[in-house]
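Below: one structure, written as structure tokens.
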Amino acid sequence: MASKKRLGKGLNEIFGDDIDSILDDISNSEKKKASSNIDISKIRPNPYQPRRNFDEQGLQELADSIKENGVFQPILVRKSLNGYELVAGERRLRASKMANKKDIPAIVVDFNDRQMMEISLLENIQRKDLSPIEEASAYNQLIRKLNYTQDELAKRIGKSRANVTNLLRLLNLPDEVKKLVNENKLSYGQARTLLSLDDEDKIVDMAKKAVKQGLSVRQLERLCSEETVEPKKKKVVKKDPFMEDVKDRLQRMFSTKVEISKKDISIQYNDIEDLNRILEIIGVIED
């Protein structure tokens, strides 16, 4: 019998005492009498499935196995108005379709929407099938639709509040960057690092650079840190109104640029003729 600890915290409280044995049926198929073959065409996808990306190679390998050996582990479904709705076991269902199977072994359970949403999330988390973005989206769905607080959700799934908060922050990334995470081109650590930037264009550019150059998390952290350092502001020197007035008068008098510092006056000239012109103005030489 598979260990029940793998299912996370609080499942018995969510689904009742039977949930562990039901999920063990999926993993071990020990209660075959509880399952029956159902027409695959009558099974609709689970609307609460958090996973959006599936490993095509892995699915093909599973489909090849199903062609050869059949489906050993029944999926979970619930009855709907027109057939059935998938609760858990989407990989097996997809692979069975790829293997051109007409039916699939299934256990029919009486789950409500709340239970379906939670079991879809937990089934995927325990098998580590979700990308960080998919996991964050699933958490956000539970918070919005079931009115969980982040603390309640963290306790429910057996993770820390900080872990839940950090994952949810990934949803603030631009769509282009989230796509890179879903495609496993950017890691969770890299995605978190990009959140330190405050401009979407910078985030996208840095994400592309990380992928193109194969940057580690530490290297990316250094680059992002450099981007967030504010340039040193130039010291503003307060100007003396009297000296500014004198400077302006002298520039009008000499028709050239004049600079006045604490103890010096500098008068700019262009050539010897310009210098003689200025000297005539101040009476050093005669016209």
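Chain identifiers are assigned as A, B, and so on, following the order in which chains appear in the structure tokens; residues are numbered from 1 within each chain, and ligands are numbered from 1 in order of appearance.
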
Task: strand (DSSP E or B) positions in range 54-231 of chain A, given as a ChimeraX atom specification - done: /A:75-80,83-88,103-108

Open item on the list: Just want the 9 Å neighbourhood of range 198-205 of chain A, counted on only C-alpha atoms, with same-chain residues fewer than 4 positions away dropped. Output as an NGL selection string.
Closed with: :A and (173-174 or 176-177 or 194 or 209-210 or 224 or 227-228)

Limited to C-alpha atoms, could you put the picked residues into a file as a PDB file, in the first residue's frame?
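Result file is out-v8.pdb:
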```pdb
ATOM      1  CA  LEU A 173       5.404  38.253 -14.419  1.00  0.00           C
ATOM      2  CA  PRO A 174       4.718  39.241 -18.065  1.00  0.00           C
ATOM      3  CA  GLU A 176       6.087  36.091 -22.278  1.00  0.00           C
ATOM      4  CA  VAL A 177       8.183  35.253 -19.226  1.00  0.00           C
ATOM      5  CA  LEU A 194      13.228  38.667 -12.216  1.00  0.00           C
ATOM      6  CA  LYS A 209      19.211  37.122 -21.802  1.00  0.00           C
ATOM      7  CA  ALA A 210      19.121  34.466 -19.064  1.00  0.00           C
ATOM      8  CA  CYS A 224      19.218  42.348 -11.782  1.00  0.00           C
ATOM      9  CA  GLU A 227      19.720  47.206 -12.899  1.00  0.00           C
ATOM     10  CA  THR A 228      18.015  48.206  -9.660  1.00  0.00           C
TER      11      THR A 228
END
```

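Among the candidates A:Val181, A:Leu186, A:Ile133, A:Val164, the one nearest to Gly214 in chain A when counting only C-alpha atoms is A:Leu186.
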
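Proximity of A:Arg78, A:Lys257, A:Arg169, A:Lys97 to Leu59 in chain A, computed with only C-alpha atoms, is greatest for A:Lys97.
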
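In this comparison, which uses only C-alpha atoms, the residue of A:Ala106, A:Asn37, A:Met98, A:Ala191 approaching Ile75 in chain A most closely is A:Ala106.
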
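Across A:Val284, A:Leu215, A:Ala136, A:Ile260, the tightest approach to Leu170 in chain A is made by A:Ala136 when counting only C-alpha atoms.
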
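Closest approach to Ala63 in chain A among A:Leu153, A:Leu93, A:Met117, A:Ile285 is made by A:Leu93 (distances from only C-alpha atoms).
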